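A.B. asks: I'd like to ask some things about the structure below.
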Amino acid sequence: MKHRITADRTLLPHAALLGTAGLLLALLGLDLPHTLALTTSALVLLVLYRRTDPGYDAEHHALPDVNRDGARRDLSELTWAMHGSHGRVSERAHRRVRALAATALADEGIDLFSTDPAQAEAAAERLGPTVHRQMTSDTRPPTINVLRTWVSAVEALADAPASSHHVPTP
């Protein structure tokens, strides 16, 4: 199979204009080596500019996305979205797990971020004292291992309904 070299046809008028400018420089008295060097440099810069312009791509077009929801690409994006910096998860993952915990506890009438001692005690009892302390006292995103314990604690809230743990809000 032969590969055909394609030309960027929108480049031709600009190249012709630069060639004309080079000819004009020669007619105005610029010596031939400098005229050729300037014209060639300008042509090279034009080609490089057109090839590196992020909004312009003459030959390559985006491929259609035929992946289904839940495909391997989605899982990969999810895991990369969780990675933050300095060994910690992303801020987005941090906020999301805390919001899930707060919602699960709110369904039981418990406010995860309340300063009320009864609310804090109930939340610590449901999540575990370590997880509760980590979720409420440290504003930095957790490490991936800590996030796993948080997710397990939130999952345990759904597995073990706590009708006796309902704490009325004042």
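Here's how to read the names in the structure tokens: chain A, B, ... by the order shown, residue numbers from 1 in each chain, ligand numbers from 1 in the order shown.
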For Leu112 (chain A), please output as a ChimeraX atom specification all residues within 7 Å (counting only C-alpha atoms; exclusion window: fewer than 5 positions along the same chain).
C.D. replies: /A:102,105,120,123
A.B. asks: Quick one: residues within 12 Å of Ser114 (chain A), only C-alpha atoms, excluding same-chain residues fewer than 3 positions away - as a list of chain:residue names?
C.D. replies: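 The contact residues come out as A:Ala102, A:Leu105, A:Ala106, A:Gly109, A:Ile110, A:Asp111, A:Pro117, A:Ala118, A:Gln119, A:Ala120, A:Glu121, A:Ala122, A:Ala123, A:Ala124, A:His132, A:Thr136, A:Ser137, A:Val167, A:Thr169, A:Pro170.
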A.B. asks: Between A:Leu43, A:Ala101, A:Leu36, A:Ala153, single out the one closest to Leu17 (chain A), counting only C-alpha atoms.
C.D. replies: A:Leu43
A.B. asks: Per residue of region 114-134 of chain A within 12 Å of region 145-149 of chain A, record the nearest atom pair and its distance in Å to one decimal, counting only C-alpha atoms, with rows in chain order and ascending residue number, as a Markdown table.
C.D. replies:
| residue | atom | partner | partner_atom | distance |
| --- | --- | --- | --- | --- |
| A:Leu127 | CA | A:Thr149 | CA | 9.8 |
| A:Gly128 | CA | A:Thr149 | CA | 10.0 |
| A:Pro129 | CA | A:Thr149 | CA | 11.9 |
| A:Thr130 | CA | A:Thr149 | CA | 9.6 |
| A:Val131 | CA | A:Thr149 | CA | 7.3 |
| A:His132 | CA | A:Thr149 | CA | 10.8 |
| A:Arg133 | CA | A:Val146 | CA | 11.8 |
| A:Gln134 | CA | A:Val146 | CA | 8.6 |
A.B. asks: Can you spit out the residues from that selection as an mmCIF file, in the first residue's frame, using C-alpha atoms?
C.D. replies:
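Dumped everything to result01.cif:
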data_model
loop_
_atom_site.group_PDB
_atom_site.id
_atom_site.type_symbol
_atom_site.label_atom_id
_atom_site.label_comp_id
_atom_site.auth_asym_id
_atom_site.auth_seq_id
_atom_site.Cartn_x
_atom_site.Cartn_y
_atom_site.Cartn_z
ATOM 1 C CA LEU A 127 -18.427 5.175 61.186
ATOM 2 C CA GLY A 128 -15.879 4.188 63.768
ATOM 3 C CA PRO A 129 -13.961 6.710 65.843
ATOM 4 C CA THR A 130 -10.871 6.735 63.619
ATOM 5 C CA VAL A 131 -12.784 7.211 60.377
ATOM 6 C CA HIS A 132 -14.977 9.888 61.953
ATOM 7 C CA ARG A 133 -11.936 11.784 63.261
ATOM 8 C CA GLN A 134 -10.183 11.557 59.880
#
A.B. asks: Select, from A:Val89, A:Leu11, A:Met135, A:Trp150, the residue with the minimum atom-to-atom distance to Leu48 (chain A), counting only C-alpha atoms.
C.D. replies: A:Leu11
A.B. asks: When you draw a straight line from CA of Leu38 (chain A) to CA of Arg50 (chain A), how long is it in Å?
C.D. replies: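 About the pair CA of Leu38 (chain A) and CA of Arg50 (chain A): they are 18.3 Å apart.
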A.B. asks: What is the distance, in Å and to one decimal place, between CA of Leu45 (chain A) and CA of His14 (chain A)?
C.D. replies: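 For CA of Leu45 (chain A) relative to CA of His14 (chain A), the distance reads 11.4 Å.
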A.B. asks: One decimal, in Å: what's the spacing between CA of Glu125 (chain A) and CA of Thr103 (chain A)?
C.D. replies: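 Computing it gives 15.9 Å between the two atoms.
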A.B. asks: Out of A:Arg51, A:Arg95, A:Arg88, A:Arg9, which residue has the shortest atom-to-atom distance to Ile144 (chain A) when counting only C-alpha atoms?
C.D. replies: A:Arg88
A.B. asks: Under the rule that only C-alpha atoms are counted, which of A:Asp159, A:Pro141, A:Gly22, A:Pro33 is the nearest residue to Arg92 (chain A)?
C.D. replies: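 Answer, going by the shortest atom-to-atom distance: A:Pro141.
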